[in-house]
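Student: Compact mmCIF, C-alpha atoms, file input.txt:
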```txt
# COMPACT_ATOMS: atom_id res chain seq x y z
CA PHE A 156 2.45 -23.62 -11.52
CA VAL A 157 0.48 -24.18 -14.72
CA LEU A 158 -3.31 -24.27 -14.63
CA ARG A 159 -4.99 -26.43 -17.27
CA ALA A 160 -8.58 -25.32 -17.87
CA SER A 161 -11.49 -26.53 -19.98
CA PHE A 162 -14.92 -24.89 -20.27
CA ASP A 163 -18.06 -26.25 -21.92
CA LEU A 164 -19.69 -23.41 -23.91
CA THR A 165 -22.60 -25.36 -25.34
CA ASN A 166 -25.17 -23.30 -23.40
CA SER A 167 -23.51 -19.97 -24.24
CA GLN A 168 -23.95 -17.70 -27.24
CA ILE A 169 -20.73 -16.33 -28.71
CA ASP A 170 -20.79 -13.40 -31.14
CA LEU A 171 -17.51 -12.68 -32.96
CA SER A 172 -18.60 -9.64 -35.00
CA LEU A 173 -15.20 -9.10 -36.58
CA PHE A 174 -15.56 -12.45 -38.35
CA ASN A 175 -19.35 -12.33 -38.86
CA PHE A 176 -19.59 -15.51 -36.78
CA VAL A 177 -22.18 -16.44 -34.15
CA LYS A 178 -22.16 -19.63 -32.09
CA ASN A 179 -25.73 -20.15 -30.88
CA LYS A 180 -26.86 -21.71 -27.62
CA GLY A 181 -27.19 -25.46 -27.82
CA VAL A 182 -24.39 -25.91 -30.35
CA SER A 183 -21.64 -28.09 -28.90
CA SER A 184 -18.47 -26.10 -28.17
CA LYS A 185 -15.67 -25.77 -25.65
CA VAL A 186 -12.50 -23.80 -24.92
CA THR A 187 -9.30 -25.20 -23.40
CA PHE A 188 -6.06 -23.47 -22.39
CA ASP A 189 -3.07 -23.49 -20.05
CA ALA A 190 -2.55 -20.49 -17.75
CA GLU A 191 0.60 -19.45 -15.90
CA LYS A 192 1.41 -16.38 -13.76
CA VAL A 193 4.87 -14.98 -14.51
CA LYS A 194 5.69 -11.99 -12.30
CA LYS A 195 2.86 -9.53 -13.01
CA ASN A 196 1.94 -11.08 -16.35
CA LEU A 197 -0.62 -13.75 -17.13
CA ASN A 198 0.50 -16.18 -19.85
CA ILE A 199 -2.22 -18.09 -21.71
CA LYS A 200 -0.85 -20.94 -23.84
CA ASN A 201 -2.36 -23.52 -26.17
CA LEU A 202 -5.77 -21.82 -26.22
CA VAL A 203 -8.27 -23.66 -28.43
CA PHE A 204 -11.90 -22.77 -29.14
CA GLN A 205 -13.73 -25.60 -30.91
CA SER A 206 -17.32 -25.72 -32.16
CA ASN A 207 -17.97 -28.51 -34.65
CA LYS A 208 -15.67 -27.67 -37.59
CA ASN A 209 -15.11 -24.11 -36.40
CA LYS A 210 -11.83 -23.57 -34.59
CA ILE A 211 -9.57 -20.83 -33.23
CA SER A 212 -6.18 -21.80 -31.84
CA VAL A 213 -3.67 -19.47 -30.17
CA ASN A 214 -0.12 -20.48 -29.27
CA GLN A 215 0.29 -17.81 -26.61
CA ILE A 216 -1.18 -14.54 -25.34
CA ILE A 217 0.51 -12.52 -22.58
CA PHE A 218 -1.66 -10.12 -20.54
CA ASN A 219 -0.32 -7.42 -18.20
CA GLU A 220 -1.62 -6.85 -14.66
CA ASP A 221 -4.59 -4.89 -16.07
CA LEU A 222 -5.46 -7.86 -18.30
CA LYS A 223 -4.61 -5.97 -21.47
CA ILE A 224 -2.80 -7.75 -24.28
CA LYS A 225 0.95 -7.28 -24.00
CA SER A 226 2.00 -9.66 -26.75
CA LEU A 227 0.70 -12.62 -28.69
CA ASP A 228 2.01 -15.47 -30.80
CA LYS A 229 0.66 -17.43 -33.76
CA ILE A 230 -3.15 -17.55 -34.20
CA ASN A 231 -5.07 -19.81 -36.60
CA ILE A 232 -8.69 -18.94 -37.40
CA ASN A 233 -11.13 -21.24 -39.21
CA LEU A 234 -14.72 -20.04 -38.79
CA GLY A 235 -17.39 -21.02 -41.29
CA ASP A 236 -16.68 -20.91 -45.02
CA LYS A 237 -15.47 -17.29 -45.12
CA ASN A 238 -12.81 -17.05 -42.41
CA ASN A 239 -9.59 -18.93 -42.97
CA LEU A 240 -6.47 -17.03 -41.94
CA GLN A 241 -3.38 -17.00 -39.74
CA ILE A 242 -1.86 -14.25 -37.62
CA ASP A 243 1.85 -14.53 -36.89
CA ALA A 244 3.10 -12.02 -34.32
CA LYS A 245 6.81 -11.87 -33.52
CA LYS A 246 9.14 -9.03 -32.55
CA ASN A 247 6.62 -6.24 -33.15
CA GLN A 248 5.70 -7.57 -36.57
CA TYR A 249 2.20 -8.83 -37.32
CA ILE A 250 1.71 -10.87 -40.48
CA ILE A 251 -1.87 -11.73 -41.44
CA LYS A 252 -2.41 -14.06 -44.37
CA GLY A 253 -4.92 -16.60 -45.59
CA SER A 254 -7.62 -17.49 -48.07
CA SER A 255 -10.55 -15.48 -46.67
CA LEU A 256 -11.89 -12.97 -44.13
CA ASP A 257 -15.55 -11.96 -43.68
CA LEU A 258 -15.98 -8.26 -42.78
CA THR A 259 -19.66 -8.08 -43.74
CA LYS A 260 -21.01 -7.55 -40.24
CA ILE A 261 -18.30 -5.27 -38.85
CA LEU A 262 -18.64 -2.85 -41.80
CA THR A 263 -22.43 -2.78 -41.47
CA LYS A 264 -22.49 -2.19 -37.71
CA ARG A 265 -19.49 0.07 -37.14
CA GLY A 266 -20.08 3.48 -35.56
CA ARG A 267 -19.48 6.88 -37.09
CA ASN A 268 -15.88 7.42 -38.21
CA LYS A 269 -14.84 4.19 -36.50
CA ASP A 270 -11.92 2.40 -38.08
CA VAL A 271 -10.40 -0.87 -36.96
CA ALA A 272 -9.25 -0.51 -33.33
CA PHE A 273 -6.30 -2.26 -31.72
CA ASP A 274 -5.29 -2.80 -28.13
CA PRO A 275 -3.32 0.27 -26.86
CA LEU A 276 -0.35 -1.96 -25.98
CA ILE A 277 0.07 -3.20 -29.56
CA SER A 278 2.77 -1.49 -31.60
CA GLY A 279 4.70 -2.57 -34.67
CA GLU A 280 4.55 -3.30 -38.37
CA VAL A 281 1.48 -4.95 -39.93
CA LYS A 282 1.37 -6.83 -43.23
CA VAL A 283 -1.78 -8.39 -44.68
CA ASP A 284 -2.13 -10.75 -47.65
CA LEU A 285 -5.63 -12.20 -48.15
CA LYS A 286 -7.03 -13.87 -51.26
CA ASN A 287 -10.65 -12.93 -50.48
CA VAL A 288 -12.19 -10.26 -48.23
CA PHE A 289 -15.98 -10.43 -48.06
CA LEU A 290 -17.81 -7.08 -47.80
CA PRO A 291 -21.50 -6.10 -47.80
CA SER A 292 -22.72 -6.72 -51.39
CA ALA A 293 -19.23 -7.35 -52.82
CA ASN A 294 -15.86 -8.95 -52.13
CA LEU A 295 -12.23 -8.02 -52.69
CA ILE A 296 -9.64 -10.34 -54.18
CA ASN A 297 -5.87 -10.34 -53.58
CA TYR A 298 -6.05 -7.77 -50.79
CA LYS A 299 -2.60 -6.55 -49.72
CA MET A 300 -1.85 -4.07 -46.95
CA SER A 301 1.18 -2.77 -45.09
CA GLY A 302 1.25 -0.29 -42.24
CA ASN A 303 2.45 0.67 -38.79
CA ILE A 304 0.63 0.76 -35.45
CA LYS A 305 1.75 2.73 -32.41
CA LYS A 306 0.00 2.12 -29.08
CA GLY A 307 -3.05 0.75 -30.85
CA GLU A 308 -3.32 3.64 -33.34
CA ILE A 309 -2.74 3.27 -37.09
CA ILE A 310 0.11 5.67 -37.95
CA ASN A 311 0.37 4.87 -41.65
CA LEU A 312 -1.24 2.35 -43.97
CA ASN A 313 -1.33 1.44 -47.65
CA SER A 314 -3.67 -1.15 -49.12
CA PHE A 315 -4.88 -2.20 -52.54
CA ALA A 316 -7.22 -4.84 -53.98
CA ASN A 317 -9.52 -5.64 -56.89
CA PHE A 318 -13.19 -6.51 -56.86
CA ASP A 319 -14.45 -9.60 -58.72
CA ASP A 320 -14.95 -7.58 -61.89
CA LEU A 321 -11.37 -6.22 -61.63
CA THR A 322 -12.46 -2.72 -60.58
CA THR A 323 -10.22 -1.34 -57.83
CA PHE A 324 -10.09 -0.39 -54.15
CA SER A 325 -7.36 1.48 -52.25
CA HIS A 326 -7.00 2.76 -48.69
CA GLU A 327 -4.26 5.03 -47.35
CA VAL A 328 -3.47 6.59 -43.96
CA LYS A 329 -0.65 9.12 -43.69
CA LYS A 330 0.50 12.41 -42.16
CA ASN A 331 -0.40 15.35 -44.38
CA GLU A 332 1.57 18.59 -44.88
CA SER A 333 -0.02 20.09 -41.77
CA GLY A 334 1.14 17.15 -39.66
CA ASN A 335 -2.41 15.84 -39.20
CA LYS A 336 -3.54 12.29 -39.80
CA GLN A 337 -5.25 11.88 -43.16
CA LEU A 338 -7.33 8.95 -44.42
CA ILE A 339 -7.99 8.53 -48.15
CA LEU A 340 -10.24 5.74 -49.42
CA ARG A 341 -11.11 5.21 -53.09
CA SER A 342 -13.41 2.50 -54.35
CA ASP A 343 -14.99 1.77 -57.73
CA LYS A 344 -17.89 0.33 -55.71
CA ALA A 345 -19.48 2.67 -53.16
CA LYS A 346 -22.12 0.45 -51.54
CA PRO A 347 -19.86 -1.84 -49.43
CA PHE A 348 -18.42 1.15 -47.55
CA VAL A 349 -21.60 3.20 -46.92
CA SER A 350 -23.81 0.33 -45.75
CA ASN A 351 -23.62 1.55 -42.14
CA TYR A 352 -25.36 4.82 -43.12
CA GLU A 353 -29.10 4.21 -42.73
CA PHE A 354 -30.07 6.87 -45.28
CA LEU A 355 -27.81 5.34 -47.96
CA LYS A 356 -29.01 1.73 -47.72
CA GLY A 357 -30.88 2.20 -50.99
CA LEU A 358 -27.74 3.16 -52.87
CA GLU A 359 -26.83 1.13 -55.95
CA GLU A 360 -23.72 1.31 -58.15
CA GLY A 361 -21.49 4.39 -58.01
CA ASN A 362 -17.87 4.99 -57.08
CA LEU A 363 -16.65 6.49 -53.84
CA GLU A 364 -13.92 8.73 -52.47
CA ILE A 365 -13.49 9.52 -48.76
CA ASN A 366 -10.98 12.02 -47.42
CA ARG A 367 -10.77 12.53 -43.64
CA GLU A 368 -8.41 14.81 -41.73
CA THR A 369 -8.07 14.24 -37.98
CA PHE A 370 -7.05 17.30 -35.98
CA SER A 371 -7.33 15.79 -32.49
CA LYS A 372 -8.89 12.89 -30.64
CA ASP A 373 -12.27 14.66 -30.67
CA LEU A 374 -12.18 16.63 -33.93
CA SER A 375 -12.10 15.55 -37.58
CA ILE A 376 -13.44 16.78 -40.92
CA THR A 377 -14.57 14.29 -43.55
CA GLU A 378 -15.35 14.75 -47.25
CA ILE A 379 -17.34 12.07 -49.09
CA LYS A 380 -17.91 12.12 -52.85
CA ILE A 381 -20.03 9.56 -54.71
CA GLU A 382 -20.49 9.62 -58.49
CA ASN A 383 -22.85 7.89 -60.94
CA PHE A 384 -25.21 6.11 -58.55
CA TYR A 385 -28.89 5.32 -58.05
CA LEU A 386 -31.02 5.80 -54.93
CA LYS A 387 -34.08 3.65 -54.25
CA GLU A 388 -36.04 2.10 -51.38
CA LEU A 389 -35.59 5.12 -49.09
CA PRO A 390 -38.70 5.66 -46.89
CA VAL A 391 -37.78 9.24 -45.90
CA LEU A 392 -37.01 10.31 -49.48
CA THR A 393 -40.18 8.61 -50.76
CA LYS A 394 -42.25 10.52 -48.21
CA ILE A 395 -40.64 13.85 -49.12
CA LEU A 396 -41.23 13.25 -52.85
CA SER A 397 -44.84 12.30 -52.19
CA LEU A 398 -45.59 15.32 -49.98
CA ALA A 399 -43.83 17.64 -52.42
CA SER A 400 -45.96 16.33 -55.32
CA PHE A 401 -42.92 15.13 -57.29
CA THR A 402 -45.02 12.32 -58.77
CA GLY A 403 -42.89 11.73 -61.85
CA ILE A 404 -39.68 11.51 -59.84
CA GLY A 405 -41.38 9.39 -57.19
CA ASP A 406 -42.23 6.81 -59.84
CA LEU A 407 -38.52 6.37 -60.55
CA LEU A 408 -38.05 4.87 -57.09
CA SER A 409 -40.23 1.90 -58.05
CA GLY A 410 -37.86 1.11 -60.92
CA LYS A 411 -34.08 1.22 -60.95
CA GLY A 412 -34.07 4.31 -58.75
CA ILE A 413 -33.21 7.99 -59.12
CA PHE A 414 -29.91 8.56 -60.89
CA PHE A 415 -27.42 11.06 -59.48
CA LYS A 416 -24.36 12.21 -61.34
CA GLU A 417 -22.67 13.42 -58.17
CA ALA A 418 -23.22 13.72 -54.42
CA TYR A 419 -20.91 15.54 -52.03
CA LEU A 420 -20.86 15.65 -48.23
CA LYS A 421 -18.48 17.53 -45.98
CA TYR A 422 -19.00 17.30 -42.24
CA GLU A 423 -17.26 18.03 -38.96
CA LEU A 424 -17.22 15.49 -36.14
CA LEU A 425 -16.64 17.23 -32.80
CA ASP A 426 -17.06 15.41 -29.48
CA GLY A 427 -19.29 12.82 -31.12
CA GLU A 428 -21.62 15.33 -32.83
CA ILE A 429 -21.82 15.65 -36.61
CA LYS A 430 -22.27 19.10 -38.17
CA ILE A 431 -22.86 19.18 -41.93
CA ILE A 432 -20.66 21.84 -43.53
CA GLU A 433 -21.80 21.23 -47.12
CA CYS A 434 -24.00 18.61 -48.76
CA TYR A 435 -25.54 18.46 -52.22
CA GLY A 436 -26.50 16.05 -54.98
CA THR A 437 -27.09 16.57 -58.70
CA GLY A 438 -28.75 14.42 -61.32
CA PRO A 439 -30.82 14.81 -64.51
CA SER A 440 -34.17 14.53 -62.68
CA LEU A 441 -33.43 15.80 -59.17
CA GLY A 442 -31.02 17.90 -57.15
CA PHE A 443 -30.83 18.39 -53.39
CA LEU A 444 -29.21 20.49 -50.68
CA LEU A 445 -28.87 19.46 -47.05
CA GLU A 446 -27.64 21.02 -43.81
CA GLY A 447 -28.00 20.32 -40.10
CA ARG A 448 -26.64 18.20 -37.26
CA ILE A 449 -26.67 14.66 -35.87
CA GLY A 450 -26.15 14.63 -32.09
CA LYS A 451 -24.18 12.28 -29.88
CA ASP A 452 -27.43 10.44 -29.11
CA ASP A 453 -28.10 10.04 -32.88
CA PHE A 454 -30.90 12.62 -32.79
CA VAL A 455 -31.22 14.01 -36.32
CA SER A 456 -32.03 17.64 -37.11
CA LEU A 457 -31.75 18.33 -40.84
CA ARG A 458 -33.23 20.77 -43.32
CA GLY A 459 -32.84 21.03 -47.05
CA SER A 460 -34.43 21.41 -50.45
CA LEU A 461 -35.24 19.26 -53.49
CA ALA A 462 -35.11 20.75 -56.99
CA PRO A 463 -36.75 18.89 -59.92
CA ALA A 464 -35.72 19.13 -63.58
CA ASN A 465 -32.08 19.46 -62.57
CA THR A 466 -30.83 19.22 -66.17
CA ILE A 467 -32.68 22.44 -66.96
CA ASN A 468 -31.26 24.05 -63.81
CA ASN A 469 -27.72 23.13 -64.91
CA ILE A 470 -28.28 24.73 -68.32
CA VAL A 471 -29.61 27.92 -66.72
CA ARG A 472 -26.73 27.90 -64.20
CA GLY A 473 -24.32 28.16 -67.14
CA ILE A 474 -25.78 31.47 -68.32
CA PRO A 475 -23.26 34.25 -67.57
CA LEU A 476 -24.06 36.67 -64.73
CA VAL A 477 -27.66 35.63 -64.00
CA GLY A 478 -27.36 31.82 -64.12
CA LYS A 479 -26.09 31.29 -60.57
CA ILE A 480 -28.46 33.95 -59.21
CA LEU A 481 -31.47 32.08 -60.63
CA THR A 482 -30.40 28.54 -59.73
CA GLY A 483 -28.10 28.93 -56.72
CA GLN A 484 -25.37 26.40 -55.99
CA LYS A 485 -25.14 22.77 -57.10
CA GLY A 486 -28.21 20.80 -56.05
CA ASP A 487 -30.44 23.87 -55.92
CA GLY A 488 -32.76 25.14 -58.64
CA ILE A 489 -35.18 27.78 -59.89
CA PHE A 490 -38.08 25.97 -58.19
CA GLY A 491 -37.94 23.47 -55.36
CA ALA A 492 -39.50 22.03 -52.25
CA SER A 493 -38.00 22.68 -48.84
CA PHE A 494 -38.13 20.06 -46.09
CA LYS A 495 -37.17 19.36 -42.48
CA ILE A 496 -36.31 16.02 -40.87
CA LYS A 497 -35.94 15.49 -37.15
CA GLY A 498 -36.07 12.61 -34.71
CA LYS A 499 -34.08 9.61 -33.59
CA ASP A 500 -35.79 6.39 -34.56
CA ASP A 501 -39.10 7.54 -36.07
CA PHE A 502 -38.27 10.59 -38.17
CA GLU A 503 -40.72 13.47 -38.33
CA THR A 504 -40.78 14.94 -41.85
CA GLU A 505 -42.15 18.37 -42.79
CA VAL A 506 -42.38 19.48 -46.44
CA ASN A 507 -43.42 22.67 -48.20
CA PRO A 508 -44.92 21.32 -51.45
CA ILE A 509 -43.57 22.62 -54.76
CA LYS A 510 -46.96 23.94 -55.92
CA THR A 511 -47.30 26.30 -52.94
CA ILE A 512 -43.80 27.71 -52.51
CA THR A 513 -41.98 30.78 -53.70
CA PRO A 514 -39.42 30.27 -56.49
CA ARG A 515 -36.06 29.46 -54.92
CA PHE A 516 -34.20 32.46 -56.39
CA ILE A 517 -36.70 34.83 -54.68
CA GLN A 518 -36.16 33.01 -51.38
CA ARG A 519 -32.40 33.38 -51.75
CA PHE A 520 -32.80 37.08 -52.60
CA LEU A 521 -35.00 37.73 -49.53
CA SER A 522 -32.64 35.75 -47.26
CA VAL A 523 -29.93 38.35 -47.91
CA PHE A 524 -32.07 41.01 -46.22
CA LYS A 525 -33.02 38.67 -43.36
CA LYS A 526 -29.35 38.22 -42.55
```
As structure tokens, what does this structure read like?

Tutor:
Amino acid sequence: FVLRASFDLTNSQIDLSLFNFVKNKGVSSKVTFDAEKVKKNLNIKNLVFQSNKNKISVNQIIFNEDLKIKSLDKININLGDKNNLQIDAKKNQYIIKGSSLDLTKILTKRGRNKDVAFDPLISGEVKVDLKNVFLPSANLINYKMSGNIKKGEIINLNSFANFDDLTTFSHEVKKNESGNKQLILRSDKAKPFVSNYEFLKGLEEGNLEINRETFSKDLSITEIKIENFYLKELPVLTKILSLASFTGIGDLLSGKGIFFKEAYLKYELLDGEIKIIECYGTGPSLGFLLEGRIGKDDFVSLRGSLAPANTINNIVRGIPLVGKILTGQKGDGIFGASFKIKGKDDFETEVNPIKTITPRFIQRFLSVFKK
């Protein structure tokens, strides 16, 4: 038999994060569908969610006995002004096309190393053609993607798009020479793709490259490189600069921000814990080094150093034989302030001010004997 159902959702709140859409309590809405049990499967047909002008309609979804999606048919999505697309799923081929998709919220709230997830029962070829994809602080135009999914996991993927100013974005997933899964993302705009990192919310401009190699379900190594960007409005950095007596550099934060020519981060993610392998930043007024861990519970334990007058440090670093001894690696310098950051929500910051510390090259020299 076929069950015809209708539910009034006016007094319910519905949050569809993938589409940056929230239906608040008190807003008139309802969902209707037909349900039929076929052997061990549950077939849902003619499903319609309606809330004023917002509408999602699904021709058919088939669930297995564990209520996991086994297959689905055509889906039409019209939510707000920024979600207008269709999903056509037939014979293990999923075609997504339309005028717009809003990913602002899902990119801002996603967890560490989390890419788009699919139901484990979904396998097949995916093709995407969207005129506009809205991101935090920017949007892509003429986004095209093709790829393959196996049991909910992206096996390979190729995508390309332009931003409004015709700068470019590309995203690739493939097997590398070692047989491991590799993700490569390149963007002429960095901010839309680092907005979920709390410590980078003050980032402006810059281009981005991400390279991630996945060795197993619980182990991956990621490299992130950002070039030609500004940092501003960062409470932790402002506090460090203030305590370290970097008054001139601190003043830059009240303007356009501190300019960095390059920043590099390499980290290992093992069982949900992040271990920083290498991290540095270089710019004309400031350089930095960073190391430490971020636990499964998001508890932060980091230590590092800030080096002012980084242009001078780079000149000295170029002197044969003694340059690297005096200045250390990229981001370090002849003089600098060391700091520690720890905590989960309210960070505790400890700084050794520049005017009271030993020159950095002496610290590096003494550390050899400590080891």

Student: Give me the residues near Ser314 in chain A as number ranges by chain, where near means some atom within 10 Å (using only C-alpha atoms) and where sequence neighbours in that chain fewer than 2 positions away do not count.

Tutor: A: 282-284, 298-302, 312, 316, 324-328, 340

Student: For range 346-348 of chain A, please output as a ChimeraX atom specification all residues within 10 Å (counting all atoms listed in the file; exclusion window: fewer than 4 positions along the same chain).

Tutor: /A:259,262-263,289-294,340,342,352,355-363,365,381,384

Student: Which residues come within 8 Å of Asn179 in chain A, counting only C-alpha atoms, excluding same-chain residues fewer than 2 positions away, as a list in words?

Tutor: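 Returned residues: Ser167, Gln168, Ile169, Val177, Gly181 and Val182 of chain A.
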
Student: Please identify all polymer residues within 8 Å of Arg159 in chain A, counting all atoms listed in the file, omitting same-chain residues fewer than 2 positions from it, and present them as a PDB file with C-alpha atoms, in the frame of the given file.

Tutor:
```pdb
ATOM      1  CA  VAL A 157       0.480 -24.180 -14.720  1.00  0.00           C
ATOM      2  CA  SER A 161     -11.490 -26.530 -19.980  1.00  0.00           C
ATOM      3  CA  THR A 187      -9.300 -25.200 -23.400  1.00  0.00           C
ATOM      4  CA  PHE A 188      -6.060 -23.470 -22.390  1.00  0.00           C
ATOM      5  CA  ASP A 189      -3.070 -23.490 -20.050  1.00  0.00           C
ATOM      6  CA  ALA A 190      -2.550 -20.490 -17.750  1.00  0.00           C
TER       7      ALA A 190
END
```

Student: Between CA of Arg341 in chain A and CA of Arg458 in chain A, what is the spacing in Å?

Tutor: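 CA of Arg341 in chain A lies 28.8 Å from CA of Arg458 in chain A.
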
Student: Need the neighbours of (-24.4, 10.9, -58.9): which residues are at most 10 Å away, counting only C-alpha atoms, as a VMD selection string?

Tutor: chain A and resid 360 to 362 380 to 386 413 to 419 436 to 439 442

Student: Neighbouring residues of Val281 in chain A were defined as those with any atom within 12 Å, considering only C-alpha atoms; residues of the same chain fewer than 4 positions away were excluded. Please report them as a ChimeraX atom specification.

Tutor: /A:242-252,273,277,299-305,307-314

Student: Restricting the calculation to only C-alpha atoms, which member of A:Phe162, A:Phe218, A:Glu433, A:Ser172 is positioned closest to Phe204 in chain A?

Tutor: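 The shortest atom-to-atom distance to Phe204 in chain A comes from A:Phe162.
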
Student: Take CA of Ser350 in chain A and CA of Ile376 in chain A and report the distance between them in Å, one decimal.

Tutor: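 We find that CA of Ser350 in chain A and CA of Ile376 in chain A lie 20.0 Å from each other.
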